[in-house]
Amino acid sequence: EFHEELPRLLPFAPDAKDTHFAKRPVREEAARLNGALQAAYFLIGVRAAGLAAGPMTGYDADGLRKEFLDDDHAPLMVVNIGRPGPNAW
């Protein structure tokens, strides 16, 4: 519920919490977009550190949520990280 912090984080727009993010579907869409942007920066950082990284889709999202998250969170992606073996490409 990031929108609860907006009056403190955006003092120049104290009404953003109620005008832009009052409805949960709007917050969820904003969270997916911002999560994808953060994931992209994460991938760039991992690769800059000399590792290989790849986002994966097609996983069992419900199983992942049940195993690692609560009912109020949803996985956006799974990322593999490591060093490729010889002739991996």
# chains A, B, ... in the order shown; residues from 1 in each chain; ligands from 1
$ closest_atom_pairs --of "range 56-89 of chain A" --to "range 10-34 of chain A" --cutoff "12 Å" --atoms "only C-alpha atoms" --output "CSV"
residue,atom,partner,partner_atom,distance
A:Asp72,CA,A:Glu28,CA,10.5
A:His73,CA,A:Glu28,CA,9.7
A:Ala74,CA,A:Arg32,CA,9.5
A:Pro75,CA,A:Arg32,CA,9.5
A:Leu76,CA,A:Arg32,CA,7.1
A:Met77,CA,A:Arg32,CA,10.4
$ select_by_dssp --residues "chain A" --states "alpha helix (DSSP H)" --output "PyMOL selection string"
chain A and resi 6-9+16-19+24-48+61-68
$ closest_residue --among "A:Asp70, A:Val78, A:Pro84, A:His3" --to "Leu51 in chain A" --atoms "only C-alpha atoms"
A:Pro84
